[in-house]
>>> print(open('my_file19.pdb').read())   # PDB, C-alpha atoms
ATOM      1  CA  MET A   1      -1.163   0.327 -18.655
ATOM      2  CA  ASN A   2      -3.260   2.053 -21.322
ATOM      3  CA  GLU A   3      -5.701   3.571 -18.850
ATOM      4  CA  THR A   4      -6.924   7.153 -18.807
ATOM      5  CA  ASN A   5      -5.910   8.598 -15.448
ATOM      6  CA  VAL A   6      -7.647  11.826 -14.453
ATOM      7  CA  CYS A   7      -7.571  14.316 -11.620
ATOM      8  CA  VAL A   8     -10.910  16.113 -11.240
ATOM      9  CA  VAL A   9     -11.900  18.966  -8.917
ATOM     10  CA  GLY A  10     -15.595  19.423  -8.198
ATOM     11  CA  ASN A  11     -18.408  19.297  -5.654
ATOM     12  CA  VAL A  12     -20.062  16.219  -4.181
ATOM     13  CA  ALA A  13     -23.557  16.109  -5.738
ATOM     14  CA  THR A  14     -25.074  13.055  -3.986
ATOM     15  CA  ARG A  15     -24.729  11.419  -0.602
ATOM     16  CA  PRO A  16     -22.145   8.574  -0.774
ATOM     17  CA  ALA A  17     -23.831   5.159  -1.003
ATOM     18  CA  TYR A  18     -21.860   2.601   1.029
ATOM     19  CA  ARG A  19     -22.169  -1.175   0.614
ATOM     20  CA  GLU A  20     -20.437  -4.217   2.055
ATOM     21  CA  LEU A  21     -19.818  -6.639  -0.815
ATOM     22  CA  ALA A  22     -18.206 -10.075  -0.946
ATOM     23  CA  THR A  23     -15.082  -8.426  -2.427
ATOM     24  CA  GLY A  24     -14.966  -5.786   0.324
ATOM     25  CA  PRO A  25     -16.476  -2.365   1.039
ATOM     26  CA  SER A  26     -17.583  -0.157  -1.863
ATOM     27  CA  ALA A  27     -18.900   3.409  -2.026
ATOM     28  CA  ARG A  28     -20.080   5.639  -4.837
ATOM     29  CA  PHE A  29     -21.242   9.216  -5.243
ATOM     30  CA  ARG A  30     -21.864  11.701  -8.035
ATOM     31  CA  LEU A  31     -19.392  14.521  -8.587
ATOM     32  CA  ALA A  32     -20.361  17.780 -10.321
ATOM     33  CA  VAL A  33     -17.535  19.561 -12.170
ATOM     34  CA  THR A  34     -18.421  22.997 -13.481
ATOM     35  CA  ALA A  35     -16.086  24.946 -15.735
ATOM     36  CA  ARG A  36     -15.733  28.618 -14.815
ATOM     37  CA  TYR A  37     -14.419  31.321 -17.071
ATOM     38  CA  TRP A  38     -13.942  35.088 -17.009
ATOM     39  CA  ASP A  39     -16.592  36.822 -19.133
ATOM     40  CA  ARG A  40     -15.042  40.059 -20.440
ATOM     41  CA  GLU A  41     -18.390  41.497 -21.526
ATOM     42  CA  LYS A  42     -19.941  41.083 -18.065
ATOM     43  CA  ASN A  43     -16.609  41.664 -16.314
ATOM     44  CA  ALA A  44     -17.376  38.711 -13.999
ATOM     45  CA  TRP A  45     -16.793  34.999 -13.558
ATOM     46  CA  THR A  46     -19.402  32.867 -15.303
ATOM     47  CA  ASP A  47     -20.297  29.201 -14.884
ATOM     48  CA  GLY A  48     -19.871  27.029 -17.957
ATOM     49  CA  HIS A  49     -21.063  23.503 -18.654
ATOM     50  CA  THR A  50     -21.357  21.052 -15.738
ATOM     51  CA  ASN A  51     -20.043  17.499 -16.157
ATOM     52  CA  PHE A  52     -21.209  14.758 -13.813
ATOM     53  CA  PHE A  53     -19.065  11.756 -12.898
ATOM     54  CA  THR A  54     -19.916   8.689 -10.829
ATOM     55  CA  VAL A  55     -17.004   8.154  -8.454
ATOM     56  CA  TRP A  56     -16.386   4.603  -7.231
ATOM     57  CA  ALA A  57     -14.240   3.889  -4.166
ATOM     58  CA  ASN A  58     -13.277   0.458  -2.850
ATOM     59  CA  ARG A  59     -11.836  -1.114   0.296
ATOM     60  CA  GLN A  60     -10.445   1.327   2.901
ATOM     61  CA  LEU A  61     -11.036   4.318   0.621
ATOM     62  CA  ALA A  62     -14.763   3.427   0.572
ATOM     63  CA  VAL A  63     -14.891   3.270   4.374
ATOM     64  CA  ASN A  64     -13.198   6.681   4.647
ATOM     65  CA  VAL A  65     -15.463   8.237   1.981
ATOM     66  CA  ALA A  66     -18.571   7.048   3.827
ATOM     67  CA  ALA A  67     -17.276   8.595   7.056
ATOM     68  CA  CYS A  68     -15.958  11.919   5.712
ATOM     69  CA  VAL A  69     -17.566  13.019   2.441
ATOM     70  CA  GLU A  70     -20.840  14.958   2.430
ATOM     71  CA  VAL A  71     -23.016  16.609  -0.216
ATOM     72  CA  GLY A  72     -21.758  20.024  -1.327
ATOM     73  CA  GLN A  73     -18.158  19.559  -0.210
ATOM     74  CA  PRO A  74     -15.405  20.474  -2.674
ATOM     75  CA  VAL A  75     -13.181  17.455  -3.377
ATOM     76  CA  VAL A  76     -10.281  16.399  -5.555
ATOM     77  CA  VAL A  77     -10.588  12.929  -7.094
ATOM     78  CA  GLN A  78      -7.793  11.029  -8.797
ATOM     79  CA  GLY A  79      -8.452   7.768 -10.602
ATOM     80  CA  ARG A  80      -9.097   5.881 -13.830
ATOM     81  CA  LEU A  81     -11.730   7.274 -16.203
ATOM     82  CA  LYS A  82     -14.172   4.765 -17.698
ATOM     83  CA  VAL A  83     -16.808   5.889 -20.195
ATOM     84  CA  ARG A  84     -19.742   3.518 -20.607
ATOM     85  CA  THR A  85     -22.398   3.602 -23.298
ATOM     86  CA  GLU A  86     -25.694   1.781 -22.917
ATOM     87  CA  VAL A  87     -28.791   1.376 -25.008
ATOM     88  CA  GLN A  88     -32.220   1.304 -23.382
ATOM     89  CA  GLY A  89     -35.019   0.851 -25.855
ATOM     90  CA  GLN A  90     -34.435   3.420 -28.595
ATOM     91  CA  GLN A  91     -32.208   5.652 -26.445
ATOM     92  CA  GLN A  92     -28.459   5.464 -26.189
ATOM     93  CA  TRP A  93     -26.719   7.211 -23.342
ATOM     94  CA  ALA A  94     -23.191   7.491 -21.954
ATOM     95  CA  SER A  95     -21.889   7.799 -18.421
ATOM     96  CA  ALA A  96     -18.462   8.682 -17.150
ATOM     97  CA  ASP A  97     -17.193   6.772 -14.119
ATOM     98  CA  ILE A  98     -14.024   7.335 -12.139
ATOM     99  CA  ASP A  99     -12.509   4.350 -10.354
ATOM    100  CA  ALA A 100     -10.927   6.410  -7.556
ATOM    101  CA  VAL A 101      -7.419   5.874  -6.287
ATOM    102  CA  ALA A 102      -7.397   8.963  -4.035
ATOM    103  CA  ILE A 103     -10.044  11.387  -2.803
ATOM    104  CA  GLY A 104      -9.437  14.471  -0.686
ATOM    105  CA  HIS A 105     -11.038  17.743   0.270
ATOM    106  CA  ASP A 106     -10.088  20.795  -1.829
ATOM    107  CA  LEU A 107      -8.155  22.901   0.689
ATOM    108  CA  SER A 108      -8.178  25.959  -1.605
ATOM    109  CA  ARG A 109     -11.875  26.287  -0.757
ATOM    110  CA  GLY A 110     -11.993  25.274   2.884
ATOM    111  CA  MET A 111     -10.293  23.510   5.776
ATOM    112  CA  ALA A 112     -10.139  19.845   6.710
ATOM    113  CA  PHE A 113      -8.525  18.017   9.596
ATOM    114  CA  PHE A 114      -6.729  14.786   8.805
ATOM    115  CA  GLN A 115      -7.060  11.794  11.078
ATOM    116  CA  ARG A 116      -5.245   8.559  10.281
ATOM    117  CA  ALA A 117      -7.612   5.601   9.934
ATOM    118  CA  VAL A 118      -7.279   2.958  12.600
ATOM    119  CA  LYS A 119      -6.668  -0.428  11.043
ATOM    120  CA  PRO A 120      -8.523  -3.289  12.694
ATOM    121  CA  GLU A 121      -6.250  -5.696  14.455
ATOM    122  CA  ALA A 122      -5.527  -8.791  12.434
ATOM    123  CA  PRO A 123      -6.547 -12.048  14.056
ATOM    124  CA  PRO A 124      -3.570 -13.776  15.608
ATOM    125  CA  ALA A 125      -1.890 -16.114  13.166
ATOM    126  CA  ALA A 126      -1.660 -19.780  14.019
ATOM    127  CA  ALA A 127       1.416 -20.366  16.131
ATOM    128  CA  ARG A 128       4.218 -21.929  14.152
ATOM    129  CA  PRO A 129       7.138 -23.500  15.962
ATOM    130  CA  GLU A 130      10.367 -21.547  15.665
ATOM    131  CA  PRO A 131      12.924 -23.431  13.570
ATOM    132  CA  ASP A 132      15.996 -24.729  15.386
ATOM    133  CA  TRP A 133      18.779 -22.664  13.845
ATOM    134  CA  GLU A 134      21.526 -23.792  16.218
ATOM    135  CA  THR A 135      24.152 -26.281  15.124
ATOM    136  CA  PRO A 136      23.977 -29.394  17.282
ATOM    137  CA  ARG A 137      26.955 -30.014  19.563
ATOM    138  CA  PRO A 138      29.187 -32.917  18.645
ATOM    139  CA  ALA A 139      28.621 -36.066  20.638
ATOM    140  CA  GLU A 140      30.887 -36.619  23.644
ATOM    141  CA  PRO A 141      33.378 -39.472  23.246
ATOM    142  CA  ARG A 142      32.854 -42.471  25.475
ATOM    143  CA  ASP A 143      35.887 -41.834  27.689
ATOM    144  CA  GLY A 144      34.267 -38.583  28.969
ATOM    145  CA  GLN A 145      36.751 -36.175  27.336
ATOM    146  CA  PRO A 146      35.492 -33.645  24.791
ATOM    147  CA  GLU A 147      36.300 -34.444  21.195
ATOM    148  CA  GLN A 148      39.022 -32.212  19.688
ATOM    149  CA  HIS A 149      38.391 -30.689  16.280
ATOM    150  CA  GLY A 150      41.201 -30.223  13.824
ATOM    151  CA  ARG A 151      44.664 -31.567  14.655
ATOM    152  CA  GLN A 152      45.506 -33.266  17.929
ATOM    153  CA  ARG A 153      47.725 -31.381  20.388
ATOM    154  CA  HIS A 154      50.659 -33.139  22.025
ATOM    155  CA  GLY A 155      52.185 -31.157  24.830
ATOM    156  CA  THR A 156      52.680 -27.491  23.870
ATOM    157  CA  HIS A 157      53.531 -28.298  20.307
ATOM    158  CA  GLU A 158      51.024 -29.171  17.595
ATOM    159  CA  GLN A 159      51.765 -32.232  15.563
ATOM    160  CA  GLY A 160      52.439 -31.351  11.934
ATOM    161  CA  ALA A 161      52.641 -27.582  12.469
ATOM    162  CA  GLU A 162      56.352 -27.375  11.703
ATOM    163  CA  GLU A 163      55.862 -29.442   8.605
ATOM    164  CA  ASP A 164      53.251 -26.966   7.319
ATOM    165  CA  GLY A 165      55.576 -24.014   8.060
ATOM    166  CA  LEU A 166      53.086 -22.272  10.401
ATOM    167  CA  ALA A 167      54.124 -19.630  12.928
ATOM    168  CA  PRO A 168      53.207 -20.272  16.607
ATOM    169  CA  GLN A 169      50.171 -17.912  16.390
ATOM    170  CA  GLU A 170      48.891 -19.747  13.293
ATOM    171  CA  GLN A 171      49.499 -23.064  15.007
ATOM    172  CA  GLN A 172      47.200 -22.010  17.818
ATOM    173  CA  ALA A 173      44.496 -20.869  15.355
ATOM    174  CA  VAL A 174      44.636 -24.211  13.536
ATOM    175  CA  ALA A 175      44.306 -26.092  16.826
ATOM    176  CA  VAL A 176      41.167 -24.158  17.791
ATOM    177  CA  THR A 177      39.333 -24.752  14.535
TER     178      THR A 177
END
>>> encode(input="my_file19.pdb", output="structure tokens")
Amino acid sequence: MNETNVCVVGNVATRPAYRELATGPSARFRLAVTARYWDREKNAWTDGHTNFFTVWANRQLAVNVAACVEVGQPVVVQGRLKVRTEVQGQQQWASADIDAVAIGHDLSRGMAFFQRAVKPEAPPAAARPEPDWETPRPAEPRDGQPEQHGRQRHGTHEQGAEEDGLAPQEQQAVAVT
């Protein structure tokens, strides 16, 4: 919830390193982000400071990064920024990592052709028997005649229908149910 989400545009500085881990595929590469500004004195664009980020990709994103991203390509990376500080001997240093959610080529600086990743087929699940959703039929009476539900019919007139004050159409509906 209190994460620092960033969207960074830069160039791929190192070849993506791909690994298969117990938790799934993982890939990482370094991203160089150079600020550019218009220098009025020189009347030209000038490069400013370059920031380097280590971009981490996991699962399917890692597989796609390993297949598509190459050194020097301009990319857009969206993810969670994590700044780490470490001490080695007498030196303290910091590194900025991006846990990537999305990575794509920067189309303002070139062209790319999208191809949807093919998901591997899932192994067939163990067959489970289909539940019996049908209501069982009532048992046949011993005399061979089907059992009547609701009120018994006598002739063309239903017993008790006049007492209930039902019209002939309603009498028929009651007999069926």
>>> closest_residue(input="my_file19.pdb", among="A:Thr135, A:Thr23, A:Gln115, A:Asn5", to="Ala102 (chain A)", atoms="only C-alpha atoms")
A:Asn5
>>> residues_around(input="my_file19.pdb", residues="region 53-55 of chain A", least_positions_apart="4", cutoff="6 Å", atoms="all atoms listed in the file", output="compact mmCIF listing (two decimals) with C-alpha atoms, in the frame of the given file")
# COMPACT_ATOMS: atom_id res chain seq x y z
CA ARG A 28 -20.08 5.64 -4.84
CA PHE A 29 -21.24 9.22 -5.24
CA ARG A 30 -21.86 11.70 -8.04
CA LEU A 31 -19.39 14.52 -8.59
CA ALA A 96 -18.46 8.68 -17.15
CA ASP A 97 -17.19 6.77 -14.12
CA ILE A 98 -14.02 7.34 -12.14
>>> resolve_selection(input="my_file19.pdb", expression="the PyMOL selection byres ((chain A and resi 63-67) around 10)", output="PyMOL selection string")
chain A and resi 15-20+24-29+56-62+68-70+103-104+116-117
>>> atom_distance(input="my_file19.pdb", atom1="CA of Leu107 (chain A)", atom2="CA of Asn43 (chain A)")
26.7 Å
>>> atom_distance(input="my_file19.pdb", atom1="CA of Gln73 (chain A)", atom2="CA of His105 (chain A)")
7.4 Å
>>> residues_near_point(input="my_file19.pdb", point="(-11.5, 9.7, -11.2)", cutoff="8 Å", atoms="all atoms listed in the file", output="PyMOL selection string")
chain A and resi 5-8+55+77-81+97-101
>>> residues_around(input="my_file19.pdb", residues="Trp38 (chain A)", least_positions_apart="5", cutoff="12 Å", atoms="only C-alpha atoms", output="compact mmCIF listing (two decimals) with C-alpha atoms, in the frame of the given file")
# COMPACT_ATOMS: atom_id res chain seq x y z
CA ASN A 43 -16.61 41.66 -16.31
CA ALA A 44 -17.38 38.71 -14.00
CA TRP A 45 -16.79 35.00 -13.56
CA THR A 46 -19.40 32.87 -15.30
CA ASP A 47 -20.30 29.20 -14.88
CA GLY A 48 -19.87 27.03 -17.96
>>> resolve_selection(input="my_file19.pdb", expression="the PyMOL selection byres ((chain A and resi 85) around 9)", output="count of residues only")
9
>>> atom_distance(input="my_file19.pdb", atom1="CA of Ala32 (chain A)", atom2="CA of His49 (chain A)")
10.1 Å
>>> resolve_selection(input="my_file19.pdb", expression="the PyMOL selection byres ((chain A and resi 33) around 7)", output="list of chain:residue names")
A:Val9, A:Gly10, A:Asn11, A:Leu31, A:Ala32, A:Thr34, A:Ala35, A:Thr50, A:Asn51, A:Phe52
>>> axis_aligned_box(input="my_file19.pdb", around="region 62-66 of chain A", padding_each_side="4 Å", output="JSON")
{"center_x": -15.9, "center_y": 5.8, "center_z": 2.6, "size_x": 13.4, "size_y": 13.0, "size_z": 12.1}
